[in-house]
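Structure file data_21.cif (mmCIF, C-alpha atoms and all ligand atoms) follows.
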data_work
loop_
_atom_site.group_PDB
_atom_site.id
_atom_site.type_symbol
_atom_site.label_atom_id
_atom_site.label_comp_id
_atom_site.auth_asym_id
_atom_site.auth_seq_id
_atom_site.Cartn_x
_atom_site.Cartn_y
_atom_site.Cartn_z
ATOM 1 C CA MET A 3 36.672 5.210 -32.839
ATOM 2 C CA ARG A 4 36.755 2.373 -30.349
ATOM 3 C CA CYS A 5 33.153 1.568 -31.160
ATOM 4 C CA LYS A 6 33.957 1.505 -34.838
ATOM 5 C CA SER A 7 36.809 -0.926 -34.258
ATOM 6 C CA LEU A 8 34.603 -3.182 -32.191
ATOM 7 C CA LEU A 9 31.932 -3.102 -34.853
ATOM 8 C CA LEU A 10 34.492 -3.939 -37.505
ATOM 9 C CA LEU A 11 35.794 -6.758 -35.324
ATOM 10 C CA PHE A 12 32.288 -8.092 -34.897
ATOM 11 C CA LEU A 13 31.502 -7.866 -38.586
ATOM 12 C CA THR A 14 34.747 -9.559 -39.538
ATOM 13 C CA VAL A 15 34.216 -12.384 -37.049
ATOM 14 C CA SER A 16 30.675 -12.788 -38.361
ATOM 15 C CA PHE A 17 31.932 -12.834 -41.917
ATOM 16 C CA PHE A 18 34.682 -15.375 -41.325
ATOM 17 C CA GLY A 19 32.443 -17.341 -38.981
ATOM 18 C CA GLN A 20 29.759 -17.481 -41.645
ATOM 19 C CA ALA A 21 32.239 -18.509 -44.287
ATOM 20 C CA TRP A 22 33.323 -21.251 -41.945
ATOM 21 C CA SER A 23 29.816 -22.434 -41.096
ATOM 22 C CA GLN A 24 28.962 -22.657 -44.776
ATOM 23 C CA LYS A 25 31.939 -24.921 -45.241
ATOM 24 C CA SER A 26 31.398 -26.911 -42.076
ATOM 25 C CA GLY A 27 29.276 -29.988 -42.079
ATOM 26 C CA LYS A 28 30.681 -31.025 -45.403
ATOM 27 C CA GLY A 29 33.709 -32.871 -44.164
ATOM 28 C CA LEU A 30 36.880 -32.625 -46.191
ATOM 29 C CA ARG A 31 36.087 -31.626 -49.748
ATOM 30 C CA THR A 32 38.942 -29.454 -50.930
ATOM 31 C CA LEU A 33 42.512 -30.178 -49.914
ATOM 32 C CA ILE A 34 45.436 -27.920 -50.732
ATOM 33 C CA ILE A 35 48.780 -29.691 -50.972
ATOM 34 C CA ASP A 36 51.713 -27.307 -50.814
ATOM 35 C CA PRO A 37 55.135 -28.642 -51.808
ATOM 36 C CA GLY A 38 57.599 -26.277 -50.115
ATOM 37 C CA HIS A 39 59.982 -24.007 -52.053
ATOM 38 C CA GLY A 40 60.610 -24.595 -55.796
ATOM 39 C CA GLY A 41 62.359 -22.950 -58.750
ATOM 40 C CA LEU A 42 64.815 -20.311 -57.662
ATOM 41 C CA ASP A 43 64.246 -21.367 -54.052
ATOM 42 C CA PRO A 44 65.624 -24.902 -53.638
ATOM 43 C CA GLY A 45 65.098 -24.825 -49.859
ATOM 44 C CA ALA A 46 67.579 -26.844 -47.821
ATOM 45 C CA ARG A 47 70.248 -28.712 -49.757
ATOM 46 C CA GLY A 48 71.236 -32.286 -49.179
ATOM 47 C CA MET A 49 74.224 -34.167 -50.539
ATOM 48 C CA ILE A 50 72.343 -35.520 -53.543
ATOM 49 C CA THR A 51 69.108 -33.555 -53.828
ATOM 50 C CA THR A 52 67.158 -30.539 -52.584
ATOM 51 C CA GLU A 53 64.235 -29.950 -50.263
ATOM 52 C CA ALA A 54 62.207 -28.513 -53.170
ATOM 53 C CA ASP A 55 62.619 -31.730 -55.205
ATOM 54 C CA ILE A 56 61.800 -34.170 -52.416
ATOM 55 C CA SER A 57 58.820 -32.098 -51.239
ATOM 56 C CA LEU A 58 57.419 -32.097 -54.770
ATOM 57 C CA ASP A 59 57.882 -35.874 -55.197
ATOM 58 C CA ILE A 60 56.125 -36.638 -51.926
ATOM 59 C CA SER A 61 53.340 -34.104 -52.582
ATOM 60 C CA LEU A 62 52.525 -35.486 -56.036
ATOM 61 C CA LYS A 63 52.570 -39.079 -54.811
ATOM 62 C CA LEU A 64 50.391 -38.135 -51.849
ATOM 63 C CA GLY A 65 47.939 -36.426 -54.197
ATOM 64 C CA ASP A 66 47.793 -39.549 -56.404
ATOM 65 C CA THR A 67 47.134 -41.848 -53.466
ATOM 66 C CA LEU A 68 44.417 -39.569 -52.088
ATOM 67 C CA ALA A 69 42.782 -39.150 -55.499
ATOM 68 C CA LYS A 70 42.558 -42.926 -55.935
ATOM 69 C CA ALA A 71 41.092 -43.459 -52.466
ATOM 70 C CA PHE A 72 38.744 -40.468 -52.509
ATOM 71 C CA PRO A 73 37.623 -39.670 -56.064
ATOM 72 C CA ASP A 74 35.308 -36.918 -54.798
ATOM 73 C CA LEU A 75 38.045 -35.067 -52.966
ATOM 74 C CA LYS A 76 39.187 -31.961 -54.803
ATOM 75 C CA ILE A 77 42.972 -31.720 -54.607
ATOM 76 C CA ILE A 78 44.778 -28.518 -55.472
ATOM 77 C CA PHE A 79 48.563 -28.299 -55.643
ATOM 78 C CA THR A 80 50.307 -24.971 -55.155
ATOM 79 C CA ARG A 81 52.887 -26.206 -57.686
ATOM 80 C CA THR A 82 53.361 -29.352 -59.765
ATOM 81 C CA SER A 83 56.820 -28.641 -61.190
ATOM 82 C CA ASP A 84 60.093 -27.085 -60.132
ATOM 83 C CA VAL A 85 58.948 -23.460 -60.106
ATOM 84 C CA LEU A 86 57.964 -21.012 -57.400
ATOM 85 C CA PRO A 87 54.160 -21.282 -57.084
ATOM 86 C CA GLY A 88 52.397 -18.980 -59.544
ATOM 87 C CA ASN A 89 55.802 -18.340 -61.141
ATOM 88 C CA SER A 90 56.224 -15.726 -58.429
ATOM 89 C CA PRO A 91 59.305 -13.511 -58.636
ATOM 90 C CA ASN A 92 60.510 -14.272 -55.096
ATOM 91 C CA LYS A 93 59.917 -16.437 -52.024
ATOM 92 C CA ASP A 94 57.623 -14.015 -50.187
ATOM 93 C CA ALA A 95 55.439 -13.427 -53.242
ATOM 94 C CA ALA A 96 55.268 -17.219 -53.651
ATOM 95 C CA LEU A 97 54.116 -17.627 -50.052
ATOM 96 C CA LYS A 98 51.375 -15.054 -50.594
ATOM 97 C CA TYR A 99 50.377 -16.872 -53.775
ATOM 98 C CA ARG A 100 50.131 -20.176 -51.857
ATOM 99 C CA ALA A 101 47.842 -18.629 -49.233
ATOM 100 C CA ASN A 102 45.691 -16.790 -51.782
ATOM 101 C CA LEU A 103 45.274 -19.902 -53.886
ATOM 102 C CA ALA A 104 44.202 -21.894 -50.815
ATOM 103 C CA ASN A 105 41.725 -19.231 -49.731
ATOM 104 C CA GLN A 106 40.302 -18.544 -53.175
ATOM 105 C CA SER A 107 39.827 -22.257 -53.792
ATOM 106 C CA GLY A 108 37.725 -22.510 -50.643
ATOM 107 C CA GLY A 109 40.084 -25.102 -49.187
ATOM 108 C CA ASP A 110 39.081 -27.104 -46.119
ATOM 109 C CA LEU A 111 42.603 -28.162 -45.287
ATOM 110 C CA PHE A 112 46.124 -26.971 -46.110
ATOM 111 C CA VAL A 113 49.050 -29.380 -45.897
ATOM 112 C CA ALA A 114 52.569 -28.117 -46.568
ATOM 113 C CA ILE A 115 55.385 -30.590 -47.154
ATOM 114 C CA HIS A 116 58.971 -29.642 -46.264
ATOM 115 C CA CYS A 117 62.293 -31.218 -45.302
ATOM 116 C CA ASN A 118 64.336 -30.251 -42.307
ATOM 117 C CA SER A 119 67.989 -29.325 -42.166
ATOM 118 C CA ALA A 120 70.559 -28.799 -39.408
ATOM 119 C CA GLY A 121 74.259 -28.258 -38.895
ATOM 120 C CA HIS A 122 76.934 -26.637 -41.006
ATOM 121 C CA ARG A 123 76.752 -28.935 -44.000
ATOM 122 C CA PRO A 124 74.645 -31.789 -45.305
ATOM 123 C CA GLY A 125 76.165 -35.153 -44.439
ATOM 124 C CA GLY A 126 78.826 -33.820 -42.140
ATOM 125 C CA TRP A 127 81.912 -31.646 -41.990
ATOM 126 C CA TYR A 128 85.548 -31.592 -40.851
ATOM 127 C CA GLU A 129 86.397 -29.850 -37.646
ATOM 128 C CA LYS A 130 89.863 -29.061 -36.314
ATOM 129 C CA ARG A 131 90.124 -30.578 -32.868
ATOM 130 C CA VAL A 132 92.868 -30.667 -30.259
ATOM 131 C CA VAL A 133 94.002 -34.259 -29.792
ATOM 132 C CA GLY A 134 97.254 -33.765 -27.869
ATOM 133 C CA LYS A 135 99.131 -31.279 -25.714
ATOM 134 C CA THR A 136 102.841 -31.277 -24.920
ATOM 135 C CA ALA A 137 104.412 -29.209 -22.160
ATOM 136 C CA HIS A 138 107.782 -27.578 -22.751
ATOM 137 C CA THR A 139 109.939 -25.482 -20.477
ATOM 138 C CA LYS A 140 112.306 -22.790 -21.466
ATOM 139 C CA THR A 141 114.510 -20.455 -19.561
ATOM 140 C CA VAL A 142 113.618 -16.842 -19.822
ATOM 141 C CA LYS A 143 116.129 -14.155 -18.897
ATOM 142 C CA LYS A 144 114.984 -10.877 -17.541
ATOM 143 C CA GLY A 145 117.881 -8.584 -16.734
ATOM 144 C CA LYS A 146 120.169 -10.519 -14.411
ATOM 145 C CA LYS A 147 117.443 -12.914 -13.371
ATOM 146 C CA SER A 148 116.448 -15.983 -15.249
ATOM 147 C CA TYR A 149 113.496 -18.264 -14.676
ATOM 148 C CA LYS A 150 111.765 -21.209 -16.241
ATOM 149 C CA LYS A 151 108.565 -20.809 -18.139
ATOM 150 C CA THR A 152 106.216 -23.561 -19.240
ATOM 151 C CA TYR A 153 104.539 -23.423 -22.576
ATOM 152 C CA TYR A 154 102.484 -25.893 -24.532
ATOM 153 C CA THR A 155 102.277 -27.053 -28.076
ATOM 154 C CA TYR A 156 99.063 -28.561 -29.347
ATOM 155 C CA GLU A 157 98.408 -31.316 -31.760
ATOM 156 C CA TYR A 158 95.426 -30.971 -34.030
ATOM 157 C CA GLU A 159 93.527 -33.397 -36.125
ATOM 158 C CA ASN A 160 90.812 -32.914 -38.677
ATOM 159 C CA VAL A 161 87.834 -34.825 -37.311
ATOM 160 C CA TYR A 162 84.806 -35.653 -39.416
ATOM 161 C CA VAL A 163 81.598 -34.705 -37.618
ATOM 162 C CA GLU A 164 78.550 -36.527 -38.867
ATOM 163 C CA ASN A 165 75.399 -34.448 -39.287
ATOM 164 C CA LYS A 166 73.238 -36.523 -37.029
ATOM 165 C CA ALA A 167 69.970 -34.598 -36.522
ATOM 166 C CA LYS A 168 67.105 -36.678 -37.855
ATOM 167 C CA GLY A 169 63.411 -37.369 -37.576
ATOM 168 C CA THR A 170 60.094 -35.784 -38.335
ATOM 169 C CA GLU A 171 58.117 -32.919 -36.850
ATOM 170 C CA THR A 172 54.846 -31.208 -37.693
ATOM 171 C CA TYR A 173 54.096 -27.557 -37.129
ATOM 172 C CA VAL A 174 50.872 -25.763 -36.334
ATOM 173 C CA TRP A 175 50.427 -22.025 -35.927
ATOM 174 C CA ALA A 176 50.797 -21.290 -32.210
ATOM 175 C CA MET A 177 47.721 -20.313 -30.268
ATOM 176 C CA ASN A 178 47.679 -21.687 -26.747
ATOM 177 C CA LYS A 179 51.310 -21.849 -25.845
ATOM 178 C CA ASN A 180 50.440 -22.188 -22.180
ATOM 179 C CA ASP A 181 47.718 -24.755 -22.587
ATOM 180 C CA ASP A 182 48.914 -27.664 -20.464
ATOM 181 C CA LYS A 183 46.363 -29.966 -22.024
ATOM 182 C CA ILE A 184 48.351 -29.890 -25.220
ATOM 183 C CA ASN A 185 51.154 -31.995 -23.876
ATOM 184 C CA SER A 186 52.261 -33.281 -27.222
ATOM 185 C CA VAL A 187 53.276 -29.793 -28.205
ATOM 186 C CA SER A 188 56.846 -28.919 -27.599
ATOM 187 C CA LYS A 189 57.256 -25.763 -25.585
ATOM 188 C CA SER A 190 60.896 -25.442 -26.420
ATOM 189 C CA ASN A 191 62.076 -22.579 -28.522
ATOM 190 C CA GLU A 192 64.583 -24.764 -30.289
ATOM 191 C CA TYR A 193 63.757 -25.252 -33.894
ATOM 192 C CA THR A 194 65.460 -25.969 -37.110
ATOM 193 C CA GLY A 195 65.088 -24.784 -40.679
ATOM 194 C CA GLU A 196 62.467 -22.563 -42.254
ATOM 195 C CA ILE A 197 63.859 -19.350 -40.826
ATOM 196 C CA ASP A 198 64.539 -16.683 -43.374
ATOM 197 C CA SER A 199 65.833 -13.452 -41.924
ATOM 198 C CA THR A 200 65.509 -11.647 -45.248
ATOM 199 C CA SER A 201 61.745 -12.177 -45.361
ATOM 200 C CA THR A 202 59.572 -9.104 -45.788
ATOM 201 C CA LEU A 203 56.410 -10.873 -44.653
ATOM 202 C CA THR A 204 54.610 -9.417 -41.694
ATOM 203 C CA LEU A 205 53.007 -11.380 -38.906
ATOM 204 C CA PRO A 206 49.430 -10.648 -37.813
ATOM 205 C CA ASP A 207 49.211 -7.454 -35.802
ATOM 206 C CA PRO A 208 46.856 -8.012 -32.853
ATOM 207 C CA SER A 209 46.088 -4.287 -32.671
ATOM 208 C CA ASP A 210 44.564 -4.426 -36.154
ATOM 209 C CA PRO A 211 40.901 -5.430 -35.664
ATOM 210 C CA THR A 212 40.666 -7.354 -38.954
ATOM 211 C CA GLU A 213 43.755 -9.386 -38.207
ATOM 212 C CA LYS A 214 42.652 -9.892 -34.632
ATOM 213 C CA ALA A 215 39.347 -11.223 -35.917
ATOM 214 C CA ARG A 216 41.112 -13.533 -38.327
ATOM 215 C CA MET A 217 43.191 -14.930 -35.497
ATOM 216 C CA LEU A 218 40.084 -15.368 -33.347
ATOM 217 C CA VAL A 219 38.453 -17.385 -36.100
ATOM 218 C CA TYR A 220 41.600 -19.471 -36.388
ATOM 219 C CA ALA A 221 41.695 -20.068 -32.649
ATOM 220 C CA GLN A 222 38.021 -20.930 -32.511
ATOM 221 C CA TYR A 223 37.647 -23.140 -35.568
ATOM 222 C CA TYR A 224 40.938 -24.200 -37.020
ATOM 223 C CA PHE A 225 43.540 -24.522 -34.286
ATOM 224 C CA ARG A 226 42.208 -27.702 -32.679
ATOM 225 C CA LYS A 227 41.646 -29.364 -36.042
ATOM 226 C CA SER A 228 45.177 -28.485 -37.159
ATOM 227 C CA LEU A 229 46.540 -29.897 -33.928
ATOM 228 C CA ASN A 230 44.542 -33.126 -34.264
ATOM 229 C CA LEU A 231 45.813 -33.735 -37.772
ATOM 230 C CA ALA A 232 49.380 -32.876 -36.772
ATOM 231 C CA ASN A 233 49.156 -35.479 -34.017
ATOM 232 C CA TYR A 234 47.810 -38.105 -36.406
ATOM 233 C CA VAL A 235 50.722 -37.428 -38.759
ATOM 234 C CA GLN A 236 53.318 -37.787 -36.015
ATOM 235 C CA ASP A 237 51.613 -40.948 -34.696
ATOM 236 C CA GLU A 238 51.886 -42.463 -38.150
ATOM 237 C CA PHE A 239 55.581 -41.601 -38.470
ATOM 238 C CA GLN A 240 56.155 -43.129 -35.066
ATOM 239 C CA GLU A 241 54.442 -46.348 -36.165
ATOM 240 C CA SER A 242 56.981 -46.575 -38.977
ATOM 241 C CA ASN A 243 59.768 -46.210 -36.417
ATOM 242 C CA ARG A 244 60.838 -42.769 -37.560
ATOM 243 C CA VAL A 245 62.342 -40.474 -34.955
ATOM 244 C CA ASP A 246 59.392 -38.481 -33.602
ATOM 245 C CA ARG A 247 60.359 -34.893 -32.823
ATOM 246 C CA GLY A 248 56.750 -34.095 -32.049
ATOM 247 C CA VAL A 249 54.067 -31.586 -32.897
ATOM 248 C CA LYS A 250 55.334 -28.072 -32.484
ATOM 249 C CA GLN A 251 53.660 -24.713 -32.236
ATOM 250 C CA ARG A 252 55.327 -21.667 -33.604
ATOM 251 C CA ASN A 253 54.327 -18.230 -34.649
ATOM 252 C CA ASP A 254 57.139 -16.797 -36.659
ATOM 253 C CA LYS A 255 57.762 -15.961 -40.286
ATOM 254 C CA GLY A 256 59.119 -19.444 -40.964
ATOM 255 C CA ILE A 257 55.570 -20.812 -41.016
ATOM 256 C CA TRP A 258 53.799 -17.579 -42.016
ATOM 257 C CA VAL A 259 51.704 -19.408 -44.606
ATOM 258 C CA LEU A 260 49.894 -21.440 -41.928
ATOM 259 C CA GLN A 261 48.197 -18.394 -40.425
ATOM 260 C CA ALA A 262 47.466 -16.869 -43.837
ATOM 261 C CA THR A 263 45.172 -19.708 -44.871
ATOM 262 C CA GLY A 264 41.608 -19.525 -43.581
ATOM 263 C CA MET A 265 41.381 -23.239 -42.857
ATOM 264 C CA PRO A 266 43.066 -25.860 -40.675
ATOM 265 C CA SER A 267 46.693 -26.030 -41.745
ATOM 266 C CA ILE A 268 49.834 -27.976 -40.930
ATOM 267 C CA LEU A 269 53.447 -28.011 -42.120
ATOM 268 C CA ILE A 270 55.146 -31.410 -42.124
ATOM 269 C CA GLU A 271 58.927 -31.712 -41.949
ATOM 270 C CA ILE A 272 59.257 -35.210 -43.370
ATOM 271 C CA GLY A 273 62.902 -35.720 -42.394
ATOM 272 C CA PHE A 274 66.362 -34.185 -42.338
ATOM 273 C CA ILE A 275 67.850 -33.745 -45.773
ATOM 274 C CA SER A 276 71.092 -32.815 -44.002
ATOM 275 C CA ASN A 277 71.412 -36.318 -42.550
ATOM 276 C CA LYS A 278 73.079 -38.654 -45.081
ATOM 277 C CA GLU A 279 71.101 -41.717 -44.064
ATOM 278 C CA GLU A 280 67.804 -39.880 -43.876
ATOM 279 C CA GLU A 281 68.347 -38.165 -47.218
ATOM 280 C CA GLU A 282 68.888 -41.577 -48.799
ATOM 281 C CA TYR A 283 65.613 -42.696 -47.229
ATOM 282 C CA LEU A 284 63.825 -39.534 -48.434
ATOM 283 C CA VAL A 285 64.865 -40.072 -52.067
ATOM 284 C CA SER A 286 64.331 -43.840 -52.114
ATOM 285 C CA ASN A 287 61.150 -45.312 -53.579
ATOM 286 C CA SER A 288 60.471 -47.339 -50.447
ATOM 287 C CA GLY A 289 61.062 -44.322 -48.185
ATOM 288 C CA GLN A 290 58.769 -42.105 -50.245
ATOM 289 C CA LYS A 291 56.114 -44.819 -50.294
ATOM 290 C CA GLU A 292 56.242 -45.109 -46.527
ATOM 291 C CA ILE A 293 56.049 -41.331 -45.969
ATOM 292 C CA VAL A 294 53.135 -41.018 -48.394
ATOM 293 C CA THR A 295 51.302 -43.878 -46.643
ATOM 294 C CA ASN A 296 51.931 -42.215 -43.267
ATOM 295 C CA ILE A 297 50.502 -38.861 -44.347
ATOM 296 C CA PHE A 298 47.685 -40.505 -46.284
ATOM 297 C CA ASN A 299 46.602 -42.526 -43.218
ATOM 298 C CA ALA A 300 46.637 -39.386 -41.077
ATOM 299 C CA ILE A 301 44.520 -37.402 -43.563
ATOM 300 C CA LYS A 302 42.139 -40.372 -43.926
ATOM 301 C CA LYS A 303 41.667 -40.523 -40.154
ATOM 302 C CA TYR A 304 41.122 -36.761 -40.006
ATOM 303 C CA LYS A 305 38.571 -36.940 -42.834
ATOM 304 C CA GLU A 306 36.690 -39.816 -41.209
ATOM 305 C CA LYS A 307 36.569 -38.073 -37.838
ATOM 306 C CA LEU A 308 35.168 -34.951 -39.499
ATOM 307 C CA GLU A 309 32.513 -36.990 -41.257
ATOM 308 C CA ASP A 310 31.585 -38.806 -38.034
ATOM 309 C CA LYS A 311 31.089 -35.454 -36.336
ATOM 310 C CA ASP A 312 28.925 -34.233 -39.185
ATOM 311 C CA LYS A 313 26.787 -37.356 -38.901
ATOM 312 C CA GLU A 314 26.396 -36.833 -35.159
ATOM 313 C CA LYS A 315 25.258 -33.267 -35.809
ATOM 314 C CA LYS A 316 22.700 -34.431 -38.349
ATOM 315 C CA GLY A 317 21.425 -37.029 -35.876
ATOM 316 C CA PHE A 318 22.438 -40.152 -37.766
HETATM 317 ZN ZN ZN B 401 61.213 -25.717 -46.134
#
Represent the structure from my file as C-alpha cells, please.
Ligand SMILES: [Zn+2]
Amino acid sequence: MRCKSLLLLFLTVSFFGQAWSQKSGKGLRTLIIDPGHGGLDPGARGMITTEADISLDISLKLGDTLAKAFPDLKIIFTRTSDVLPGNSPNKDAALKYRANLANQSGGDLFVAIHCNSAGHRPGGWYEKRVVGKTAHTKTVKKGKKSYKKTYYTYEYENVYVENKAKGTETYVWAMNKNDDKINSVSKSNEYTGEIDSTSTLTLPDPSDPTEKARMLVYAQYYFRKSLNLANYVQDEFQESNRVDRGVKQRNDKGIWVLQATGMPSILIEIGFISNKEEEEYLVSNSGQKEIVTNIFNAIKKYKEKLEDKDKEKKGF
C-alpha cells in the first residue's frame, strides 16, 4: 500500500513536473487575470462602490495595457462583466471555475485582483464613549445605622471613528513560513478580508499523495516565482507612495484559488475600500491609472526576468 502511494506520488510529480518543463523556457505566454468576486458576490462594500466593481475595472484596464505592450501575450479573464465567473451558482463553485479555467488554458501566471476591507463599516462609524464622570454621595440607611455611599454618573458622547486602515498587500500561498531568507514576508497572523467561514472548499490534504505531489510541484517551481512577482508589485506600490503592508504568505481558504492553479499565482489587495480616502482613490481615473501602471510594471519586470533566464539557459 505504502509502495503504491509512493509510486503514485512519483508518477504525479513526474506528470506535473513534465507539464511544467514543457511550459518552461517559453517565458510568459498565457496570463490569467482574475477580478475577484462578481455578480451575487459583491465582495467588500465601500461607501460608494463594491470590491467586485473596482476589481473588474482595474483588471480590464490592466489587460488592455498589457495587450498593447505585448501583442503576443495571451490574456484570459475569469470574468469581464459583473457576474460570478462561469455564471457559477455560488462563490465556491466560482472559485473552482477560476482555477479550472486557469489550468485548462495552460496559464503561466495567475493574478487575482481584490480590495481590502477592515473595521465595522466603510468610512467610519459612531461609537458611544465615556467623556465625563461625576461622583455623588448619598446616605444609605441600614437598620439603625446609616452611612455614606459614593456612586458615579457617566456622561456619554457619540464619537465618530474613522476607518483608517489603508494600503496595499500581496498574497502568495504559504510554503516556507520559517524561511528567514524571505524577510519581506510578514510572519504575523493578522490579516484582513477574504475570510469566508461559510466556505465549503477544502485545503490540500498532505496525507493524500496526489495533493502532496501537487504541493511539492508548487514549492519546487512556482513558489519562488510567485514571491518574486509579489515583491515587484509591492515595490511598485511603494514607489507611488502607497502604504506598503508587504508580501504575505497564507494558507487558508481565503486564498484557496492560489494553490488550485498549477502556475505561479498572486493575489493583490489594491487598497482598502473601507477607507473613505482610499476608496475615492480606487474609483478615480488617476488612481486606477496609477494602480494599473504599478501592476503592469511588475508583470513586465517578471516577464523580462523570465526571458533573461531562458536566454541564459539557451546559451545566448
Ligand atoms: Zn476579495
>> Taking the file as I've supplied it (selection: the PyMOL selection byres (((not hetatm)) within 12 of (chain B and resi 401))), which residues are included? Please answer as a PyMOL selection string.
In response: chain A and resi 36-40+43-47+52-58+93+97+114-120+172-173+194-198+255-259+269-275
> What do you get, as a ChimeraX atom specification, if you spell out every residue that the PyMOL selection byres (((chain A and resi 280-290) around 10) and not hetatm) selects here?
Replying inline: /A:47-53,55-57,59-61,63-64,117,124-125,166-169,244,272-279,291-296
>> Assuming the chain letters and numbering stay as they are in my file, what does the PyMOL selection byres (((chain A and resi 87-92) around 12) and not hetatm) actually select? List them as a PyMOL selection string.
In response: chain A and resi 35-44+54+58+78-86+93-104+200-203
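In this structure, atom CA of Glu129 of chain A sits 28.5 Å away from atom CA of Glu171 of chain A.
One finds atom CA of Lys303 of chain A at 11.4 Å from atom CA of Ala232 of chain A.
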Using only C-alpha atoms, which residues sit within 6 Å of Val163 of chain A once same-chain residues fewer than 2 positions away are excluded, as a PDB file with C-alpha atoms, in the coordinates of the input?
ATOM      1  CA  GLY A 126      78.826 -33.820 -42.140  1.00  0.00           C
ATOM      2  CA  TRP A 127      81.912 -31.646 -41.990  1.00  0.00           C
ATOM      3  CA  TYR A 128      85.548 -31.592 -40.851  1.00  0.00           C
TER       4      TYR A 128
END
>> Under the rule that only C-alpha atoms are counted, which of A:Phe239, A:Phe72, A:Tyr158, A:Phe225 is the nearest residue to Val132 of chain A?
In response: A:Tyr158
Take every atom of segment 69-84 of chain A listed in the file, pad by 6 Å on each side, and give me the axis-aligned box centre and edge lengths in Å, one decimal, as lines of an AutoDock Vina configuration file.
center_x = 47.7
center_y = -34.2
center_z = -56.8
size_x = 36.8
size_y = 30.5
size_z = 20.7
Repaired coordinates for segment 267-282 of chain A (N, CA and C atoms) as a PDB file, keeping the file's coordinate frame:
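Contents of result-v1.pdb, freshly written:
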ATOM      1  N   SER A 267      45.478 -25.959 -40.943  1.00  0.00           N
ATOM      2  CA  SER A 267      46.693 -26.030 -41.745  1.00  0.00           C
ATOM      3  C   SER A 267      47.848 -26.602 -40.932  1.00  0.00           C
ATOM      4  N   ILE A 268      48.643 -27.420 -41.584  1.00  0.00           N
ATOM      5  CA  ILE A 268      49.834 -27.976 -40.930  1.00  0.00           C
ATOM      6  C   ILE A 268      51.024 -27.931 -41.890  1.00  0.00           C
ATOM      7  N   LEU A 269      52.217 -27.947 -41.317  1.00  0.00           N
ATOM      8  CA  LEU A 269      53.447 -28.011 -42.120  1.00  0.00           C
ATOM      9  C   LEU A 269      54.249 -29.210 -41.613  1.00  0.00           C
ATOM     10  N   ILE A 270      54.468 -30.173 -42.523  1.00  0.00           N
ATOM     11  CA  ILE A 270      55.146 -31.410 -42.124  1.00  0.00           C
ATOM     12  C   ILE A 270      56.599 -31.369 -42.573  1.00  0.00           C
ATOM     13  N   GLU A 271      57.500 -31.564 -41.630  1.00  0.00           N
ATOM     14  CA  GLU A 271      58.927 -31.712 -41.949  1.00  0.00           C
ATOM     15  C   GLU A 271      59.161 -33.216 -41.986  1.00  0.00           C
ATOM     16  N   ILE A 272      59.278 -33.756 -43.219  1.00  0.00           N
ATOM     17  CA  ILE A 272      59.257 -35.210 -43.370  1.00  0.00           C
ATOM     18  C   ILE A 272      60.585 -35.893 -43.051  1.00  0.00           C
ATOM     19  N   GLY A 273      61.610 -35.132 -42.749  1.00  0.00           N
ATOM     20  CA  GLY A 273      62.902 -35.720 -42.394  1.00  0.00           C
ATOM     21  C   GLY A 273      64.021 -34.735 -42.647  1.00  0.00           C
ATOM     22  N   PHE A 274      65.207 -35.088 -42.185  1.00  0.00           N
ATOM     23  CA  PHE A 274      66.362 -34.185 -42.338  1.00  0.00           C
ATOM     24  C   PHE A 274      67.154 -34.521 -43.600  1.00  0.00           C
ATOM     25  N   ILE A 275      67.103 -33.587 -44.525  1.00  0.00           N
ATOM     26  CA  ILE A 275      67.850 -33.745 -45.773  1.00  0.00           C
ATOM     27  C   ILE A 275      69.352 -33.605 -45.500  1.00  0.00           C
ATOM     28  N   SER A 276      69.688 -33.029 -44.362  1.00  0.00           N
ATOM     29  CA  SER A 276      71.092 -32.815 -44.002  1.00  0.00           C
ATOM     30  C   SER A 276      71.723 -34.060 -43.379  1.00  0.00           C
ATOM     31  N   ASN A 277      70.900 -35.066 -43.092  1.00  0.00           N
ATOM     32  CA  ASN A 277      71.412 -36.318 -42.550  1.00  0.00           C
ATOM     33  C   ASN A 277      71.563 -37.309 -43.705  1.00  0.00           C
ATOM     34  N   LYS A 278      72.780 -37.817 -43.900  1.00  0.00           N
ATOM     35  CA  LYS A 278      73.079 -38.654 -45.081  1.00  0.00           C
ATOM     36  C   LYS A 278      72.110 -39.833 -45.195  1.00  0.00           C
ATOM     37  N   GLU A 279      71.968 -40.538 -44.069  1.00  0.00           N
ATOM     38  CA  GLU A 279      71.101 -41.717 -44.064  1.00  0.00           C
ATOM     39  C   GLU A 279      69.645 -41.343 -44.348  1.00  0.00           C
ATOM     40  N   GLU A 280      69.213 -40.260 -43.714  1.00  0.00           N
ATOM     41  CA  GLU A 280      67.804 -39.880 -43.876  1.00  0.00           C
ATOM     42  C   GLU A 280      67.547 -39.343 -45.285  1.00  0.00           C
ATOM     43  N   GLU A 281      68.520 -38.659 -45.850  1.00  0.00           N
ATOM     44  CA  GLU A 281      68.347 -38.165 -47.218  1.00  0.00           C
ATOM     45  C   GLU A 281      68.191 -39.347 -48.178  1.00  0.00           C
ATOM     46  N   GLU A 282      68.999 -40.389 -47.945  1.00  0.00           N
ATOM     47  CA  GLU A 282      68.888 -41.577 -48.799  1.00  0.00           C
ATOM     48  C   GLU A 282      67.491 -42.195 -48.680  1.00  0.00           C
TER      49      GLU A 282
END
